[in-house]
Structure formats: C-alpha cells, structure tokens
$ cat query05.txt   # compact mmCIF, C-alpha atoms
# COMPACT_ATOMS: atom_id res chain seq x y z
CA MET N 1456 11.13 -27.14 -0.74
CA THR N 1457 9.39 -24.77 1.68
CA THR N 1458 5.66 -24.31 1.87
CA PRO N 1459 4.48 -20.87 0.73
CA ARG N 1460 3.35 -18.78 3.65
CA THR N 1461 -0.34 -18.03 3.87
CA MET N 1462 -1.73 -14.53 4.10
CA LYS N 1463 -2.47 -15.21 7.75
CA ASP N 1464 1.22 -16.10 8.31
CA LEU N 1465 2.41 -13.00 6.45
CA LEU N 1466 0.05 -10.70 8.37
CA ALA N 1467 1.14 -12.22 11.69
CA GLU N 1468 4.81 -11.83 10.83
CA TYR N 1469 4.27 -8.24 9.72
CA GLY N 1470 2.43 -7.54 12.96
CA GLU N 1471 5.41 -8.69 15.03
CA SER N 1472 7.33 -5.52 14.15
CA HIS N 1473 4.30 -3.27 14.58
CA THR N 1474 3.25 -3.67 18.22
CA ASN N 1475 4.06 -0.20 19.54
CA ALA N 1476 0.96 2.03 19.59
CA ILE N 1477 2.82 5.07 18.24
CA ASN N 1478 4.42 3.05 15.43
CA GLU N 1479 1.04 1.58 14.57
CA LEU N 1480 -0.57 5.04 14.49
CA ILE N 1481 2.23 6.28 12.23
CA HIS N 1482 1.59 3.30 9.94
CA TRP N 1483 -2.12 4.12 9.77
CA ILE N 1484 -1.13 7.48 8.30
CA CYS N 1485 2.01 6.65 6.31
CA VAL N 1486 1.22 3.29 4.69
CA PRO N 1487 -1.91 4.59 2.91
CA ALA N 1488 -0.02 7.76 1.93
CA ILE N 1489 2.84 5.72 0.44
CA PHE N 1490 0.41 3.44 -1.40
CA PHE N 1491 -1.41 6.46 -2.82
CA CYS N 1492 1.89 8.04 -3.88
CA VAL N 1493 2.95 4.94 -5.79
CA VAL N 1494 -0.35 5.05 -7.67
CA GLY N 1495 0.12 8.79 -8.18
CA PHE N 1496 3.63 8.35 -9.55
CA LEU N 1497 2.35 5.73 -11.98
CA VAL N 1498 -0.59 7.91 -13.04
CA SER N 1499 1.96 10.68 -13.73
CA ILE N 1500 3.82 8.59 -16.31
CA PRO N 1501 2.63 9.56 -19.76
CA SER N 1502 1.20 6.61 -21.64
CA PRO N 1503 -0.79 6.29 -24.83
CA ALA N 1504 -4.48 5.54 -24.61
CA PHE N 1505 -5.36 2.07 -25.81
CA PRO N 1506 -8.82 0.91 -26.87
CA LEU N 1507 -10.66 -0.72 -23.96
CA VAL N 1508 -7.94 0.33 -21.48
CA GLY N 1509 -7.70 4.08 -21.98
CA GLY N 1510 -4.79 6.06 -20.58
CA HIS N 1511 -2.73 5.64 -17.41
CA LEU N 1512 -1.53 2.25 -18.60
CA TRP N 1513 1.27 1.90 -16.03
CA ALA N 1514 -0.99 2.65 -13.07
CA LYS N 1515 -3.68 0.28 -14.30
CA ALA N 1516 -1.16 -2.51 -14.94
CA ALA N 1517 0.40 -2.12 -11.49
CA ILE N 1518 -3.02 -2.10 -9.82
CA ALA N 1519 -4.02 -5.21 -11.77
CA LEU N 1520 -0.86 -7.04 -10.66
CA THR N 1521 -1.36 -5.90 -7.06
CA LEU N 1522 -4.94 -7.15 -7.07
CA LEU N 1523 -3.83 -10.42 -8.66
CA TYR N 1524 -1.41 -10.90 -5.74
CA TYR N 1525 -4.19 -10.28 -3.21
CA SER N 1526 -6.61 -12.53 -5.13
CA LEU N 1527 -4.21 -15.44 -4.76
CA ARG N 1528 -4.07 -14.93 -0.98
CA SER N 1529 -7.42 -13.67 0.33
CA MET N 1530 -10.69 -12.87 -1.43
CA PRO N 1531 -11.90 -10.58 1.39
CA LEU N 1532 -8.64 -8.62 1.26
CA LEU N 1533 -8.90 -8.51 -2.52
CA ALA N 1534 -12.31 -6.83 -2.20
CA GLY N 1535 -11.12 -4.22 0.27
CA MET N 1536 -7.88 -3.53 -1.56
CA ALA N 1537 -9.75 -3.21 -4.87
CA VAL N 1538 -11.87 -0.44 -3.34
CA TRP N 1539 -8.73 1.21 -1.92
CA CYS N 1540 -6.91 0.95 -5.28
CA ALA N 1541 -9.90 2.45 -7.09
CA PHE N 1542 -10.01 5.33 -4.60
CA CYS N 1543 -6.26 5.99 -4.96
CA PHE N 1544 -6.53 5.92 -8.75
CA TRP N 1545 -9.52 8.27 -8.70
CA LEU N 1546 -7.82 10.69 -6.30
CA ALA N 1547 -4.59 10.71 -8.32
CA HIS N 1548 -6.55 11.32 -11.51
CA ARG N 1549 -8.49 14.19 -9.88
CA LEU N 1550 -5.34 15.76 -8.43
CA GLU N 1551 -3.65 15.49 -11.80
CA ALA N 1552 -6.52 17.48 -13.28
CA VAL N 1553 -7.01 20.18 -10.63
CA ALA N 1554 -3.91 20.54 -8.46
CA PRO N 1555 -1.79 23.66 -8.93
CA TRP N 1556 1.37 21.50 -8.88
CA PRO N 1557 2.27 18.44 -10.94
CA LEU N 1558 0.96 15.20 -9.43
CA TRP N 1559 4.45 13.66 -9.39
CA ALA N 1560 5.73 16.61 -7.30
CA ILE N 1561 2.89 16.29 -4.79
CA CYS N 1562 3.56 12.56 -4.54
CA LEU N 1563 7.32 13.07 -4.18
CA VAL N 1564 6.89 15.34 -1.15
CA LEU N 1565 4.21 13.16 0.44
CA PHE N 1566 6.14 9.94 -0.30
CA THR N 1567 9.32 11.32 1.27
CA LEU N 1568 7.51 12.56 4.40
CA ALA N 1569 5.64 9.26 4.76
CA TRP N 1570 8.85 7.20 4.55
CA VAL N 1571 10.51 9.45 7.11
CA GLY N 1572 7.47 8.81 9.31
CA GLN N 1573 7.77 5.06 8.78
CA PHE N 1574 11.41 5.03 9.85
CA VAL N 1575 10.66 7.23 12.87
CA GLY N 1576 7.93 4.75 13.83
CA HIS N 1577 10.30 1.82 13.54
CA HIS N 1578 12.93 3.68 15.55
CA ILE N 1579 10.33 4.13 18.30
CA GLU N 1580 9.33 0.47 17.95
CA GLY N 1581 12.97 -0.61 18.12
CA LYS N 1582 12.56 -3.02 15.22
CA LYS N 1583 13.59 -2.87 11.57
CA PRO N 1584 10.91 -2.44 8.91
CA SER N 1585 9.62 -5.83 7.74
CA PHE N 1586 10.39 -5.16 4.08
CA LEU N 1587 14.12 -5.18 4.87
CA LYS N 1588 13.69 -8.90 5.60
CA ASP N 1589 11.28 -9.69 2.76
CA VAL N 1590 10.27 -7.25 0.02
CA ARG N 1591 6.77 -8.80 -0.07
CA PHE N 1592 6.02 -6.89 3.10
CA LEU N 1593 5.74 -3.71 1.03
CA ILE N 1594 2.48 -5.11 -0.34
CA ILE N 1595 1.50 -6.80 2.95
CA GLY N 1596 1.53 -3.50 4.90
CA PRO N 1597 -1.66 -2.13 3.31
CA ALA N 1598 -3.33 -5.54 3.65
CA TRP N 1599 -2.34 -5.64 7.35
CA LEU N 1600 -4.21 -2.38 7.91
CA MET N 1601 -7.20 -3.66 5.92
CA ALA N 1602 -7.16 -6.90 7.96
CA LYS N 1603 -7.29 -4.84 11.17
CA VAL N 1604 -10.38 -3.03 9.87
CA TYR N 1605 -11.90 -6.38 8.92
CA ARG N 1606 -11.27 -7.82 12.40
CA LYS N 1607 -13.14 -4.88 13.95
CA LEU N 1608 -16.03 -5.56 11.55
CA GLY N 1609 -15.96 -9.30 12.30
CA ILE N 1610 -14.83 -10.23 8.78
CA ARG N 1611 -12.38 -13.12 8.46
CA VAL N 1612 -9.41 -12.70 6.17
$ encode --input "query05.txt" --output "structure tokens"
Amino acid sequence: MTTPRTMKDLLAEYGESHTNAINELIHWICVPAIFFCVVGFLVSIPSPAFPLVGGHLWAKAAIALTLLYYSLRSMPLLAGMAVWCAFCFWLAHRLEAVAPWPLWAICLVLFTLAWVGQFVGHHIEGKKPSFLKDVRFLIIGPAWLMAKVYRKLGIRV
C-alpha cells in the first residue's frame, strides 16, 4: 500500500512541469480562467431552488466538494480557495444576470481559449500537462498558484 501524497508533494510535482517563465505566465492567466469557466458552466445548469440551499445546486455542490478536497490537504489553501470559489460563483452569477450572451456561451469561448493557451504553454515548456499523468492535478493547478501567492506573503501551506 502506498502512502498518500501530501499537498506539499503534489504541489512540488506539479511545479516540475511548470518551470518555464512563459508557461508559468500562461498558467497565471489560463488556470483561473478555466476554474471560473467550470463554475460558470455549473451555474448555467438549471436547478430547482431548495430551502436553505437556494438555486445553482450543481455549482454549490461542486464547490463544496472542491473545498472538502482542499480541507483534507491544507487549511491555508482551503481559506484562499474558498475566497476564490466565492468570487468565481459571484462573478458567474452576475454575468448570468447582466451579460448580453448566455453564461454557458461566454464560458465555452473562454474555456476553449484558455485550454489552447495551456497546451501552447506546455509546448513551450516541452513537458506534458500534469493532469495527463494524474487527473488530481486539475484541482492542484489552482492551489499551486495560490501556494505561490502564499509563499510571497510568507504564509506556509
């Protein structure tokens, strides 16, 4: 039986395929965009309003599961990612209300462009995206960026 990798191990492994400055810059733009789009897609799914939960059930459930994952790995990252999730949810909700196009369409275009950017970045880096090795890296990517912010602020993950 193997020992589960710690958040520190996962962040270090993710960082190994993100050492090129251009690839890293692309990730600073594209990873948050992709994360937002996933929230936006989920907000776009019609769902009934339930007492105590309200509407947007799929988005809220996915955010709760995402935050549960982070809570099991790093409380500081949980805090930062909770703020980021709340911002993404708020922005998606606002765009849904005021944008001249459907939220899902906005997210589809942005999501596609961001993934193209990601693959361009990895082509420049000369390494495959981490998630091709382990799907968990799709959720580690945003935490890796948050951990970089934390390091600059002197906060341990």
$ atom_distance --input "query05.txt" --atom1 "CA of Glu1580 in chain N" --atom2 "CA of Phe1566 in chain N"
20.8 Å
$ closest_residue --input "query05.txt" --among "N:Met1601, N:Val1508, N:Ala1476, N:Ala1569" --to "Met1536 in chain N" --atoms "only C-alpha atoms"
N:Met1601
$ closest_residue --input "query05.txt" --among "N:Tyr1605, N:Trp1539, N:Phe1592, N:Phe1586" --to "Ala1488 in chain N" --atoms "all atoms listed in the file"
N:Trp1539
$ closest_residue --input "query05.txt" --among "N:Phe1490, N:Trp1570, N:Phe1496, N:Tyr1469" --to "Ala1514 in chain N" --atoms "all atoms listed in the file"
N:Phe1496
$ atom_distance --input "query05.txt" --atom1 "CA of Trp1545 in chain N" --atom2 "CA of Pro1531 in chain N"
21.5 Å
$ closest_atom_pairs --input "query05.txt" --of "range 1522-1577 of chain N" --to "range 1459-1463 of chain N" --cutoff "9 Å" --atoms "only C-alpha atoms" --output "JSON lines"
{"residue": "N:Tyr1525", "atom": "CA", "partner": "N:Met1462", "partner_atom": "CA", "distance": 8.8}
{"residue": "N:Arg1528", "atom": "CA", "partner": "N:Met1462", "partner_atom": "CA", "distance": 5.6}
{"residue": "N:Ser1529", "atom": "CA", "partner": "N:Met1462", "partner_atom": "CA", "distance": 6.9}
$ atom_distance --input "query05.txt" --atom1 "CA of His1577 in chain N" --atom2 "CA of His1473 in chain N"
7.9 Å
$ closest_residue --input "query05.txt" --among "N:Val1553, N:Leu1465, N:Ile1481, N:Ala1602" --to "Ala1534 in chain N" --atoms "all atoms listed in the file"
N:Ala1602
$ closest_residue --input "query05.txt" --among "N:Val1604, N:Val1494, N:Leu1568, N:Ile1610" --to "Thr1521 in chain N" --atoms "only C-alpha atoms"
N:Val1494
$ axis_aligned_box --input "query05.txt" --around "range 1467-1477 of chain N" --padding-each-side "8 Å" --output "AutoDock Vina command-line options"
--center_x 4.1 --center_y -3.6 --center_z 14.7 --size_x 22.4 --size_y 33.3 --size_z 25.9
$ closest_residue --input "query05.txt" --among "N:Pro1487, N:Gly1495, N:Pro1557, N:Gly1535" --to "His1511 in chain N" --atoms "all atoms listed in the file"
N:Gly1495
$ residues_around --input "query05.txt" --residues "range 1498-1507 of chain N" --least-positions-apart "4" --cutoff "8 Å" --atoms "all atoms listed in the file" --output "mmCIF file with C-alpha atoms, keeping the file's coordinate frame"
data_model
loop_
_atom_site.group_PDB
_atom_site.id
_atom_site.type_symbol
_atom_site.label_atom_id
_atom_site.label_comp_id
_atom_site.auth_asym_id
_atom_site.auth_seq_id
_atom_site.Cartn_x
_atom_site.Cartn_y
_atom_site.Cartn_z
ATOM 1 C CA VAL N 1494 -0.350 5.050 -7.670
ATOM 2 C CA HIS N 1511 -2.730 5.640 -17.410
ATOM 3 C CA LEU N 1512 -1.530 2.250 -18.600
ATOM 4 C CA TRP N 1513 1.270 1.900 -16.030
ATOM 5 C CA ALA N 1514 -0.990 2.650 -13.070
ATOM 6 C CA PHE N 1544 -6.530 5.920 -8.750
ATOM 7 C CA ALA N 1547 -4.590 10.710 -8.320
ATOM 8 C CA HIS N 1548 -6.550 11.320 -11.510
ATOM 9 C CA GLU N 1551 -3.650 15.490 -11.800
ATOM 10 C CA LEU N 1558 0.960 15.200 -9.430
ATOM 11 C CA TRP N 1559 4.450 13.660 -9.390
#
$ residues_around --input "query05.txt" --residues "Lys1603 in chain N" --least-positions-apart "5" --cutoff "10 Å" --atoms "only C-alpha atoms" --output "PyMOL selection string"
chain N and resi 1466+1598+1608-1610+1612
